[in-house]
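upload.cif (mmCIF, C-alpha atoms) appears below.
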data_target
loop_
_atom_site.label_atom_id
_atom_site.label_comp_id
_atom_site.auth_asym_id
_atom_site.auth_seq_id
_atom_site.Cartn_x
_atom_site.Cartn_y
_atom_site.Cartn_z
CA MET A 180 26.56 7.68 -10.83
CA ALA A 181 23.55 5.55 -11.70
CA ARG A 182 21.56 5.14 -14.87
CA ARG A 183 18.06 3.95 -15.50
CA ILE A 184 17.19 0.88 -17.54
CA ASP A 185 13.53 0.02 -18.07
CA VAL A 186 12.49 -3.60 -17.68
CA THR A 187 9.09 -5.21 -18.18
CA GLY A 188 7.54 -6.89 -15.19
CA ALA A 189 4.56 -9.18 -14.71
CA GLY A 190 1.50 -8.14 -16.69
CA GLY A 191 3.56 -5.70 -18.76
CA VAL A 192 4.16 -3.25 -15.90
CA ARG A 193 7.14 -1.02 -16.67
CA LEU A 194 9.78 -1.09 -13.97
CA ALA A 195 12.68 1.29 -13.48
CA ALA A 196 15.99 -0.38 -12.66
CA TRP A 197 18.96 1.76 -11.61
CA GLU A 198 22.44 0.47 -12.38
CA PHE A 199 25.26 1.93 -10.32
CA GLY A 200 28.77 2.04 -11.72
CA ASP A 201 30.66 3.63 -14.59
CA PRO A 202 29.07 6.75 -16.11
CA PRO A 203 27.25 6.34 -19.44
CA LYS A 204 29.14 6.93 -22.68
CA PRO A 205 28.64 10.27 -24.48
CA ASP A 206 25.99 8.86 -26.81
CA GLN A 207 23.92 7.80 -23.80
CA ALA A 208 22.53 11.26 -23.09
CA ALA A 209 20.88 11.75 -19.73
CA GLU A 210 19.32 14.41 -17.56
CA PRO A 211 19.57 14.86 -13.79
CA THR A 212 16.58 13.77 -11.70
CA GLU A 213 15.50 14.32 -8.12
CA LEU A 214 16.78 10.84 -7.31
CA GLY A 215 20.33 12.06 -7.46
CA VAL A 216 20.96 9.70 -10.36
CA ARG A 217 20.85 9.97 -14.14
CA GLU A 218 17.76 8.95 -16.05
CA GLN A 219 17.50 7.92 -19.69
CA ASP A 220 14.06 8.57 -21.16
CA GLY A 221 12.16 7.26 -24.13
CA ALA A 222 13.43 5.18 -27.04
CA ALA A 223 16.97 6.57 -26.78
CA GLY A 224 17.11 5.53 -23.14
CA ARG A 225 15.84 2.06 -23.93
CA ARG A 226 18.44 1.63 -26.69
CA ALA A 227 21.16 2.87 -24.35
CA GLY A 228 19.86 0.51 -21.71
CA GLN A 229 20.04 -2.39 -24.13
CA ARG A 230 23.65 -1.52 -24.95
CA THR A 231 24.37 -1.26 -21.24
CA VAL A 232 22.89 -4.68 -20.60
CA GLN A 233 24.78 -6.30 -23.46
CA GLY A 234 28.02 -4.64 -22.45
CA ALA A 235 27.63 -5.74 -18.85
CA LEU A 236 27.03 -9.44 -19.44
CA ASP A 237 30.72 -10.20 -19.09
CA ARG A 238 31.25 -7.95 -16.09
CA SER A 239 31.57 -8.92 -12.44
CA PRO A 240 28.83 -10.92 -10.69
CA GLY A 241 25.49 -9.23 -10.19
CA VAL A 242 23.65 -7.93 -7.13
CA LEU A 243 19.96 -6.96 -7.18
CA LEU A 244 18.74 -4.67 -4.40
CA LEU A 245 15.06 -4.73 -3.44
CA HIS A 246 13.62 -1.97 -1.23
CA GLY A 247 10.82 -2.40 1.27
CA LEU A 248 7.22 -1.24 1.22
CA MET A 249 7.01 2.50 0.41
CA GLY A 250 10.73 2.55 -0.40
CA ARG A 251 12.54 3.25 -3.64
CA ALA A 252 15.77 2.27 -5.34
CA SER A 253 17.55 5.45 -4.21
CA HIS A 254 17.37 4.22 -0.61
CA TRP A 255 20.08 1.72 -1.62
CA ALA A 256 22.40 4.35 -3.11
CA ALA A 257 25.09 4.14 -0.42
CA THR A 258 25.11 0.33 -0.51
CA ALA A 259 25.03 0.17 -4.30
CA ARG A 260 27.96 2.55 -4.65
CA TRP A 261 30.37 0.46 -2.61
CA LEU A 262 29.06 -2.71 -4.21
CA SER A 263 29.64 -1.28 -7.68
CA GLU A 264 33.36 -1.01 -6.99
CA ARG A 265 33.61 -4.78 -7.48
CA HIS A 266 30.23 -6.02 -8.66
CA ARG A 267 27.40 -5.12 -11.00
CA ALA A 268 24.89 -3.47 -8.65
CA VAL A 269 21.31 -2.77 -9.71
CA ALA A 270 18.52 -1.39 -7.51
CA LEU A 271 14.93 -1.91 -8.63
CA ASP A 272 11.97 0.41 -8.14
CA GLN A 273 9.31 -2.21 -7.54
CA ARG A 274 5.81 -1.87 -8.97
CA GLY A 275 3.87 0.97 -7.43
CA HIS A 276 7.08 2.53 -6.11
CA GLY A 277 9.60 5.17 -7.18
CA ARG A 278 9.76 5.68 -10.94
CA SER A 279 8.09 2.39 -11.84
CA ASP A 280 4.54 2.27 -13.13
CA LYS A 281 1.59 2.46 -10.76
CA PRO A 282 -1.37 1.27 -12.87
CA PRO A 283 -4.63 1.50 -10.89
CA GLN A 284 -5.68 -1.98 -12.00
CA ALA A 285 -2.28 -3.65 -11.66
CA SER A 286 -1.81 -6.74 -9.54
CA PHE A 287 -0.04 -6.23 -6.23
CA THR A 288 0.12 -9.87 -5.20
CA ARG A 289 3.17 -11.64 -3.86
CA GLU A 290 3.41 -13.51 -7.15
CA ALA A 291 3.56 -10.25 -9.11
CA TYR A 292 6.41 -8.87 -7.01
CA VAL A 293 8.37 -12.10 -7.28
CA GLU A 294 7.80 -12.31 -11.04
CA ASP A 295 8.98 -8.71 -11.40
CA ALA A 296 12.29 -9.48 -9.67
CA GLU A 297 12.63 -12.63 -11.76
CA ALA A 298 12.07 -10.62 -14.95
CA ALA A 299 14.62 -8.02 -13.87
CA LEU A 300 17.30 -10.66 -13.29
CA GLU A 301 16.65 -12.25 -16.67
CA GLN A 302 16.33 -9.06 -18.73
CA LEU A 303 19.37 -7.44 -17.14
CA GLY A 304 21.49 -10.57 -17.39
CA LEU A 305 22.28 -10.44 -13.66
CA GLY A 306 21.72 -14.03 -12.63
CA PRO A 307 22.82 -15.96 -10.78
CA ALA A 308 22.88 -12.92 -8.52
CA VAL A 309 22.97 -12.04 -4.87
CA LEU A 310 19.61 -10.63 -3.79
CA ILE A 311 19.64 -8.03 -1.03
CA GLY A 312 16.19 -7.18 0.29
CA HIS A 313 14.86 -4.93 3.01
CA ALA A 314 11.53 -5.79 4.66
CA MET A 315 9.04 -6.60 1.86
CA GLY A 316 11.97 -6.73 -0.58
CA ALA A 317 13.59 -9.39 1.59
CA LEU A 318 10.45 -11.53 1.42
CA THR A 319 10.49 -11.17 -2.37
CA ALA A 320 14.15 -12.18 -2.38
CA TRP A 321 13.74 -15.40 -0.45
CA GLN A 322 10.55 -16.36 -2.29
CA LEU A 323 12.36 -15.91 -5.62
CA ALA A 324 15.37 -17.87 -4.34
CA ALA A 325 13.01 -20.73 -3.46
CA LYS A 326 11.28 -20.53 -6.84
CA ARG A 327 14.32 -20.02 -9.12
CA PRO A 328 17.51 -21.31 -7.48
CA ASP A 329 19.24 -21.07 -10.87
CA LEU A 330 18.92 -17.27 -10.77
CA VAL A 331 20.05 -16.69 -7.17
CA SER A 332 23.48 -17.34 -5.67
CA GLY A 333 22.83 -15.81 -2.26
CA VAL A 334 20.25 -13.86 -0.24
CA ILE A 335 20.53 -11.14 2.38
CA ILE A 336 17.35 -10.73 4.43
CA CYS A 337 17.22 -7.36 6.16
CA ASP A 338 14.75 -6.99 9.05
CA MET A 339 11.82 -9.02 7.68
CA ARG A 340 9.75 -11.44 9.72
CA ALA A 341 8.71 -14.89 8.50
CA SER A 342 5.76 -15.14 10.87
CA ALA A 343 2.23 -13.92 10.16
CA LEU A 344 1.46 -10.42 11.45
CA GLY A 345 -2.32 -10.65 11.33
CA ALA A 346 -5.37 -8.45 10.80
CA ALA A 347 -4.61 -6.09 13.69
CA SER A 348 -1.32 -5.13 12.05
CA GLN A 349 -3.06 -4.32 8.77
CA ARG A 350 -5.63 -2.15 10.56
CA GLU A 351 -2.84 -0.27 12.33
CA TRP A 352 -1.21 0.49 9.00
CA ALA A 353 -4.47 1.72 7.48
CA ASP A 354 -4.99 4.03 10.46
CA TRP A 355 -1.38 5.20 10.25
CA PHE A 356 -1.75 6.27 6.62
CA LYS A 357 -4.86 8.25 7.58
CA SER A 358 -2.88 10.08 10.25
CA TRP A 359 -0.40 11.60 7.78
CA PRO A 360 -0.92 15.40 7.67
CA LEU A 361 -1.00 15.57 3.87
CA PRO A 362 -0.02 17.58 2.01
CA PHE A 363 3.20 18.63 3.73
CA ALA A 364 4.05 22.28 3.13
CA THR A 365 7.82 21.68 2.85
CA LEU A 366 10.34 18.86 2.91
CA ALA A 367 11.44 20.17 6.30
CA ASP A 368 7.91 19.41 7.53
CA VAL A 369 8.21 15.89 6.10
CA ARG A 370 11.50 15.31 7.92
CA LYS A 371 10.15 16.66 11.20
CA TRP A 372 6.89 14.69 11.15
CA PHE A 373 8.41 11.32 10.27
CA GLY A 374 11.51 11.91 12.36
CA GLU A 375 9.84 13.36 15.48
CA ASP A 376 6.06 13.89 15.44
CA ASP A 377 4.80 10.61 13.98
CA PRO A 378 3.14 8.67 16.84
CA TRP A 379 5.05 5.59 15.66
CA VAL A 380 8.37 7.30 16.53
CA GLU A 381 9.53 6.40 20.03
CA ARG A 382 12.40 8.90 20.04
CA PRO A 383 13.71 11.45 17.50
CA ASN A 384 15.13 9.70 14.46
CA PRO A 385 16.54 12.05 11.79
CA ALA A 386 17.41 9.12 9.50
CA ARG A 387 13.74 8.12 9.42
CA GLY A 388 12.80 11.67 8.46
CA GLU A 389 15.31 11.62 5.61
CA PHE A 390 14.08 8.19 4.49
CA TYR A 391 10.52 9.46 4.03
CA ALA A 392 11.65 12.74 2.49
CA GLU A 393 13.05 10.64 -0.37
CA VAL A 394 9.61 9.23 -1.18
CA MET A 395 7.89 12.60 -1.44
CA ALA A 396 7.34 14.68 -4.57
CA GLU A 397 6.15 18.25 -4.90
CA SER A 398 2.60 18.74 -6.15
CA PRO A 399 0.57 21.93 -6.68
CA ASP A 400 -0.70 21.89 -3.08
CA GLY A 401 2.46 20.67 -1.32
CA TRP A 402 4.51 17.50 -0.84
CA ARG A 403 2.85 14.10 -1.25
CA PRO A 404 4.16 10.51 -1.47
CA VAL A 405 5.24 9.19 -4.86
CA PHE A 406 3.18 6.05 -4.16
CA GLU A 407 -0.53 5.49 -3.61
CA PRO A 408 -1.25 4.44 -0.01
CA GLU A 409 -4.08 2.20 -1.22
CA GLN A 410 -1.63 0.27 -3.40
CA MET A 411 0.73 -0.09 -0.45
CA LEU A 412 -2.05 -1.59 1.66
CA LYS A 413 -2.99 -3.93 -1.19
CA SER A 414 0.64 -5.04 -1.43
CA ARG A 415 0.91 -5.57 2.30
CA GLU A 416 -2.32 -7.54 2.71
CA THR A 417 -0.91 -10.25 0.44
CA TRP A 418 1.66 -11.27 3.04
CA VAL A 419 0.61 -10.15 6.55
CA PHE A 420 -1.98 -12.87 7.05
CA ASP A 421 0.35 -15.75 6.22
CA ALA A 422 3.58 -17.15 7.60
CA HIS A 423 6.45 -17.69 5.18
CA TRP A 424 8.56 -20.37 6.85
CA GLU A 425 7.92 -22.94 4.13
CA GLU A 426 9.53 -20.83 1.39
CA LEU A 427 12.37 -19.97 3.76
CA ALA A 428 13.13 -23.66 4.18
CA GLN A 429 13.30 -24.05 0.38
CA VAL A 430 16.13 -21.52 -0.05
CA GLN A 431 19.13 -23.68 -0.94
CA CYS A 432 21.72 -20.93 -1.46
CA PRO A 433 23.62 -19.23 1.39
CA ALA A 434 21.46 -16.70 3.22
CA LEU A 435 22.27 -14.02 5.77
CA VAL A 436 19.59 -12.77 8.17
CA VAL A 437 20.35 -9.24 9.39
CA ARG A 438 18.41 -7.39 12.05
CA GLY A 439 18.69 -3.97 13.65
CA LEU A 440 19.00 -4.28 17.40
CA ASP A 441 15.90 -2.06 17.74
CA GLY A 442 14.20 -3.23 14.55
CA GLU A 443 10.96 -5.09 13.92
CA LEU A 444 12.57 -8.53 13.64
CA GLY A 445 13.22 -9.90 17.10
CA ARG A 446 16.38 -11.84 17.91
CA ALA A 447 14.56 -15.10 18.72
CA GLU A 448 12.64 -15.09 15.43
CA ALA A 449 15.74 -14.10 13.47
CA GLN A 450 17.70 -16.97 14.94
CA GLU A 451 14.85 -19.37 14.20
CA MET A 452 14.89 -18.14 10.59
CA VAL A 453 18.61 -18.93 10.46
CA ARG A 454 17.89 -22.41 11.81
CA VAL A 455 15.18 -23.03 9.20
CA LEU A 456 17.33 -21.83 6.31
CA PRO A 457 19.43 -24.74 5.01
CA ARG A 458 22.52 -22.49 4.79
CA GLY A 459 21.59 -19.63 7.07
CA GLU A 460 23.84 -17.14 8.87
CA TYR A 461 23.05 -14.38 11.34
CA ALA A 462 24.16 -10.79 11.91
CA GLU A 463 22.80 -7.86 13.87
CA VAL A 464 23.56 -4.16 13.74
CA ALA A 465 23.72 -2.18 16.97
CA ASP A 466 22.07 1.24 17.27
CA ALA A 467 19.87 0.50 14.26
CA GLY A 468 16.12 0.25 13.93
CA HIS A 469 14.06 -1.16 11.09
CA LEU A 470 15.88 0.94 8.48
CA VAL A 471 19.15 -0.87 9.13
CA HIS A 472 21.00 0.05 5.95
CA TYR A 473 19.80 3.65 6.21
CA ASP A 474 20.29 4.11 9.97
CA GLN A 475 23.82 2.76 10.18
CA PRO A 476 25.34 2.45 6.68
CA ASP A 477 28.90 1.78 7.87
CA ALA A 478 27.88 -0.90 10.37
CA TRP A 479 25.53 -2.39 7.76
CA ARG A 480 28.41 -2.66 5.31
CA ALA A 481 30.62 -4.29 7.92
CA ALA A 482 27.88 -6.85 8.59
CA VAL A 483 27.11 -7.85 5.01
CA GLU A 484 30.27 -7.29 2.95
CA PRO A 485 32.17 -10.37 4.22
CA PHE A 486 29.15 -12.54 3.37
CA ILE A 487 28.95 -11.12 -0.17
CA GLU A 488 32.66 -11.44 -0.83
CA GLY A 489 32.58 -14.98 0.52
CA LEU A 490 29.85 -15.88 -1.96
CA PHE A 491 31.75 -14.52 -4.93
CA GLY A 492 34.92 -16.12 -3.66
CA GLU A 493 33.23 -19.53 -3.99
CA ARG A 494 32.80 -19.09 -7.74
#

Write-out of the structure in structure tokens:
Amino acid sequence: MARRIDVTGAGGVRLAAWEFGDPPKPDQAAEPTELGVREQDGAAGRRAGQRTVQGALDRSPGVLLLHGLMGRASHWAATARWLSERHRAVALDQRGHGRSDKPPQASFTREAYVEDAEAALEQLGLGPAVLIGHAMGALTAWQLAAKRPDLVSGVIICDMRASALGAASQREWADWFKSWPLPFATLADVRKWFGEDDPWVERPNPARGEFYAEVMAESPDGWRPVFEPEQMLKSRETWVFDAHWEELAQVQCPALVVRGLDGELGRAEAQEMVRVLPRGEYAEVADAGHLVHYDQPDAWRAAVEPFIEGLFGER
């Protein structure tokens, strides 16, 4: 069970946060959504969310989960559910993603994403929290840890590079978006294209197909992404041209760098990231690609759970 709590991000952008754990009380009415969670809408939802926040301030330590580019909070559902057995687990739909706002004129800078996560921690009363980020979400996590060490007790960096990727990488992504055969007629077509037919797929990957099926919504002419590709490219261009080693070196809390054996983060770079981090640790997950937590959820849990429990054991 998860419930939605709206928070206000940088520039007033409304963000949807999803708290996993005990079901809402009877007065916190909710309706099912396609996310497989419960959503509270309007003023009643906001009041229920406020009660939830106040009631949770004395609960177990917090964990904030940050998805990657094009992702959504529901991609963390399996992780958040086992976390919620012992901790307060919240997954955030970041700006432009999932159920959060996608204003055409909104800022999609690195600063905006970091300020959004900062606002979520403060408004939800989660800090000092463990931040778990995948790809772009991992970059947000370590940049926030460097900026606000008082809000962050630990960081898990899942398959995100600290080096610059460059202009060629951005051009490849723009071309890739253009190659999508939109609209998809059915969700089965979504799963097949992203899991088998996409030229970026080296071998059939059903988990990848499922991952992208979660970010599609039905429209009058078929299935289209819940995000705007132009906003994704804007978000990406604010980090691909720069390296991020300096912020990594400023992370004073314990940090775990996790890579999929066949992911985008190479072993040499991952180990250099661990060396640069003042309190860095390393883990890798076999038989996993870039979508580590989605490809191999059991192995992912085995890799990160001891680190998380060790952090909370220090308190």

- Selection dump of the PyMOL selection byres ((chain A and resi 277-285) around 12), as a ChimeraX atom specification: /A:183-197,212-214,216,218-220,245-254,270-276,286-288,291-292,295,393-396,404-411,413-414

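Distance check against Glu484 of chain A using all atoms listed in the file: of A:Thr258, A:Ser358, A:Ser332, A:Thr417, the minimum falls on A:Thr258.
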
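If you look at atom CA of Ala181 of chain A and atom CA of Glu198 of chain A, they are 5.2 Å away from each other.
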
Contacts of Arg382 of chain A at 12 Å (all atoms listed in the file; same-chain gap of 6+ positions) as a compact mmCIF listing (two decimals) with C-alpha atoms, in the coordinates of the input:
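For reference, result.txt as written:
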# COMPACT_ATOMS: atom_id res chain seq x y z
CA LYS A 371 10.15 16.66 11.20
CA TRP A 372 6.89 14.69 11.15
CA PHE A 373 8.41 11.32 10.27
CA GLY A 374 11.51 11.91 12.36
CA GLU A 375 9.84 13.36 15.48
CA ASP A 376 6.06 13.89 15.44
CA GLY A 388 12.80 11.67 8.46
CA ASP A 441 15.90 -2.06 17.74
CA GLY A 468 16.12 0.25 13.93

- Nearby residues (only C-alpha atoms) at most 10 Å from segment 478-482 of chain A, same-chain spacing under 5 positions excluded, as a PyMOL selection string: chain A and resi 257-258+261-262+337+435+437-439+461-467+471-473+487

Got time to write the residues from that selection, C-alpha atoms, as a compact mmCIF listing (two decimals), in the coordinates of the input?
# COMPACT_ATOMS: atom_id res chain seq x y z
CA ALA A 257 25.09 4.14 -0.42
CA THR A 258 25.11 0.33 -0.51
CA TRP A 261 30.37 0.46 -2.61
CA LEU A 262 29.06 -2.71 -4.21
CA CYS A 337 17.22 -7.36 6.16
CA LEU A 435 22.27 -14.02 5.77
CA VAL A 437 20.35 -9.24 9.39
CA ARG A 438 18.41 -7.39 12.05
CA GLY A 439 18.69 -3.97 13.65
CA TYR A 461 23.05 -14.38 11.34
CA ALA A 462 24.16 -10.79 11.91
CA GLU A 463 22.80 -7.86 13.87
CA VAL A 464 23.56 -4.16 13.74
CA ALA A 465 23.72 -2.18 16.97
CA ASP A 466 22.07 1.24 17.27
CA ALA A 467 19.87 0.50 14.26
CA VAL A 471 19.15 -0.87 9.13
CA HIS A 472 21.00 0.05 5.95
CA TYR A 473 19.80 3.65 6.21
CA ILE A 487 28.95 -11.12 -0.17

- Item | Which of A:Leu243, A:Ala320, A:Val334, A:Leu366 sits closest to Ala392 of chain A [using all atoms listed in the file] |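 Between A:Leu243, A:Ala320, A:Val334, A:Leu366, the residue approaching Ala392 of chain A most closely is A:Leu366.
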
- Straight-line distance linking atom CA of Leu456 of chain A with atom CA of Ala259 of chain A, stated in Å to one decimal: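 Computed distance, atom CA of Leu456 of chain A to atom CA of Ala259 of chain A, equals 25.6 Å.
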
- So what does the PyMOL selection byres ((chain A and resi 301) around 12) actually pick up in this one, as a PyMOL selection string? chain A and resi 186-188+232+236+241+243+294-300+302-308+327+329-331

Output for the residues just chosen: C-alpha atoms as a short mmCIF file (atom, residue, chain, number, x, y, z; two decimals), keeping the file's coordinate frame:
data_model
loop_
_atom_site.label_atom_id
_atom_site.label_comp_id
_atom_site.auth_asym_id
_atom_site.auth_seq_id
_atom_site.Cartn_x
_atom_site.Cartn_y
_atom_site.Cartn_z
CA VAL A 186 12.49 -3.60 -17.68
CA THR A 187 9.09 -5.21 -18.18
CA GLY A 188 7.54 -6.89 -15.19
CA VAL A 232 22.89 -4.68 -20.60
CA LEU A 236 27.03 -9.44 -19.44
CA GLY A 241 25.49 -9.23 -10.19
CA LEU A 243 19.96 -6.96 -7.18
CA GLU A 294 7.80 -12.31 -11.04
CA ASP A 295 8.98 -8.71 -11.40
CA ALA A 296 12.29 -9.48 -9.67
CA GLU A 297 12.63 -12.63 -11.76
CA ALA A 298 12.07 -10.62 -14.95
CA ALA A 299 14.62 -8.02 -13.87
CA LEU A 300 17.30 -10.66 -13.29
CA GLN A 302 16.33 -9.06 -18.73
CA LEU A 303 19.37 -7.44 -17.14
CA GLY A 304 21.49 -10.57 -17.39
CA LEU A 305 22.28 -10.44 -13.66
CA GLY A 306 21.72 -14.03 -12.63
CA PRO A 307 22.82 -15.96 -10.78
CA ALA A 308 22.88 -12.92 -8.52
CA ARG A 327 14.32 -20.02 -9.12
CA ASP A 329 19.24 -21.07 -10.87
CA LEU A 330 18.92 -17.27 -10.77
CA VAL A 331 20.05 -16.69 -7.17
#

- Message: Considering all atoms listed in the file, can you say which of A:Arg458, A:Arg415, A:Arg267, A:Arg403 comes closest to Leu361 of chain A?
- Response: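 Selected residue with least distance to Leu361 of chain A: A:Arg403.
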
- Task: Pick out the closest residue to Gly459 of chain A from this set: A:Phe390, A:Trp321, A:Phe356, A:Phe199. Count all atoms listed in the file.
- Result: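 Under the stated criterion, the closest residue is A:Trp321.
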
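For the structure shown here, the set of residues caught by the PyMOL selection byres ((chain A and resi 346) around 12) is Ala343, Leu344, Gly345, Ala347, Ser348, Gln349, Arg350, Glu351, Trp352, Ala353, Leu412, Arg415, Glu416, Thr417, Trp418, Val419, Phe420 and Asp421 of chain A.
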
- Message: What's the separation between atom CA of Ala256 of chain A and atom CA of Asp338 of chain A, in Å to one decimal place?
- Response: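 Rounded to one decimal, the two atoms are 18.3 Å apart.
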
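Compared by their closest atoms to Leu440 of chain A, and using only C-alpha atoms, the residues A:Met315, A:Leu470, A:Ala367, A:Ile335 rank with A:Leu470 nearest.
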
- With distances taken over all atoms listed in the file, which of A:Gly445, A:Gly492, A:Pro378, A:Pro485 is nearest to His469 of chain A?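 Residue with the minimum atom-to-atom distance to His469 of chain A: A:Gly445.
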